[in-house]
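> Dropping a structure here in structure tokens format, bear with me for questions.
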Amino acid sequence: MKEFRVKQESGVVLFPLIVDFLLLIGALFMDGIWRWIFIGLSLIFAGLVVYQSRPIFKNFQLVITPKEIKVLDFRGNVVRKIDWKKVEGAAAGFRKTWLIYTYSFYFRVKGDEDLLFSLISREAGLTGKFQNFIKVFVRKKIPVQVIKG
């Protein structure tokens, strides 16, 4: 069965943490006040990276099939399920920062709370794949908009 599946990439967090770890190692070999300044900076940077990466650690998945839209947690349990009959419109947006893409997928749901799914990935072109999947496999004609940020 055809499906469109996207999920968070945990590897996006590793690069800043590795750079931060190298800064900490370098700080351990310094003398005097600079040692404590760099140790403090590396701990603050590590805290910021972990704090900003909280959604990645939840590791949600968005699964779109021709019949429904599902959001799964890291165990594969269904967190939210929406039938295509309730969906009025869809939109996808992305923003590129260096080699990292931030994607947002939005579904307008009739009579229920709208669904917004965001993720960070290194894969390019997920919005185009999303748009093509909905146009080809979903039977209900739904307006799809792609926005570049």
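Chain labels follow the order of the structure tokens: the first chain is A, the next B, and so on; residue numbering restarts at 1 in every chain, and ligands are counted from 1 in their shown order.
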So which residues touch Phe107 in chain A within 10 Å, counting only C-alpha atoms, skipping near sequence neighbours fewer than 5 positions away, as a ChimeraX atom specification?

/A:69,82,84,86-92,113-117,144

> Report as a PyMOL selection string: the residues of chain A with a DSSP assignment of strand (DSSP E), based on the backbone of this structure.

chain A and resi 4-7+61-64+68-72+78-83+87-97+100-109+115-121+144-148

> Got a sec: who's within 12 Å of Leu99 in chain A, counting only C-alpha atoms, leaving out chain neighbours fewer than 3 positions off, as a ChimeraX atom specification?

/A:12,15,95-96,102,120-124

> Can you write just those residues out, N, CA, C and O atoms, as a compact mmCIF listing (two decimals), in the first residue's frame?


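Saved result, selection07.txt, follows:
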```
# COMPACT_ATOMS: atom_id res chain seq x y z
N VAL A 12 20.38 15.24 13.51
CA VAL A 12 20.53 16.69 13.38
C VAL A 12 21.08 17.29 14.67
O VAL A 12 21.79 18.29 14.65
N PHE A 15 25.57 16.91 15.56
CA PHE A 15 26.66 17.82 15.16
C PHE A 15 26.90 18.93 16.18
O PHE A 15 28.04 19.14 16.60
N ARG A 95 11.82 25.49 5.27
CA ARG A 95 12.84 26.53 5.39
C ARG A 95 14.19 25.82 5.45
O ARG A 95 14.35 24.86 6.20
N LYS A 96 15.14 26.30 4.67
CA LYS A 96 16.46 25.68 4.63
C LYS A 96 17.46 26.55 5.37
O LYS A 96 17.57 27.74 5.14
N THR A 102 13.69 22.54 7.77
CA THR A 102 12.62 22.52 8.75
C THR A 102 11.31 22.51 7.97
O THR A 102 11.02 23.43 7.20
N ILE A 120 12.38 18.28 11.57
CA ILE A 120 13.68 18.72 11.10
C ILE A 120 14.32 17.54 10.39
O ILE A 120 14.34 16.44 10.92
N SER A 121 14.82 17.79 9.18
CA SER A 121 15.38 16.70 8.38
C SER A 121 16.51 17.22 7.52
O SER A 121 16.64 18.41 7.28
N ARG A 122 17.32 16.29 7.03
CA ARG A 122 18.37 16.64 6.07
C ARG A 122 17.93 16.30 4.65
O ARG A 122 18.62 16.60 3.70
N GLU A 123 16.78 15.68 4.50
CA GLU A 123 16.27 15.28 3.18
C GLU A 123 15.57 16.46 2.50
O GLU A 123 14.71 17.10 3.08
N ALA A 124 15.95 16.70 1.27
CA ALA A 124 15.37 17.80 0.50
C ALA A 124 14.15 17.31 -0.28
O ALA A 124 14.07 16.14 -0.65
```

> Between A:Pro16, A:Ile147, A:Lys129, A:Tyr106, which has the minimum distance to Gln52 in chain A (counting only C-alpha atoms)?

A:Pro16

> Within 7 Å of Arg5 in chain A, counting only C-alpha atoms, which residues qualify if same-chain residues fewer than 6 places away don't, as a PyMOL selection string?

chain A and resi 61-64

> Between A:Asn77, A:Gln145, A:Ser42, A:Asn59, which has the minimum distance to Phe130 in chain A (counting only C-alpha atoms)?

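The answer is A:Gln145, which sits nearest to Phe130 in chain A.
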
> Counting only C-alpha atoms, what is within 12 Å of Asn132 in chain A, bar same-chain residues fewer than 5 positions away, as a compact mmCIF listing (two decimals) with C-alpha atoms, in the first residue's frame?


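The result, stored in result04.txt:
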```txt
# COMPACT_ATOMS: atom_id res chain seq x y z
CA GLU A 3 2.07 5.77 1.98
CA PHE A 4 3.97 8.96 2.68
CA ALA A 92 3.30 22.31 3.47
CA GLY A 125 12.08 17.90 -1.40
CA LEU A 126 9.64 16.49 1.14
CA THR A 127 7.07 19.19 0.35
CA PHE A 137 -3.28 8.85 -4.30
CA VAL A 138 -5.96 10.74 -2.36
CA ILE A 142 -8.10 18.72 -1.67
CA PRO A 143 -6.37 22.05 -2.30
CA VAL A 144 -2.67 21.71 -1.50
CA GLN A 145 -0.39 24.68 -1.08
CA VAL A 146 3.41 24.60 -0.79
```

> Work out how far CA of Leu72 in chain A is from CA of Lys85 in chain A, in Å to one decimal.

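Computed distance, CA of Lys85 in chain A to CA of Leu72 in chain A, equals 20.0 Å.
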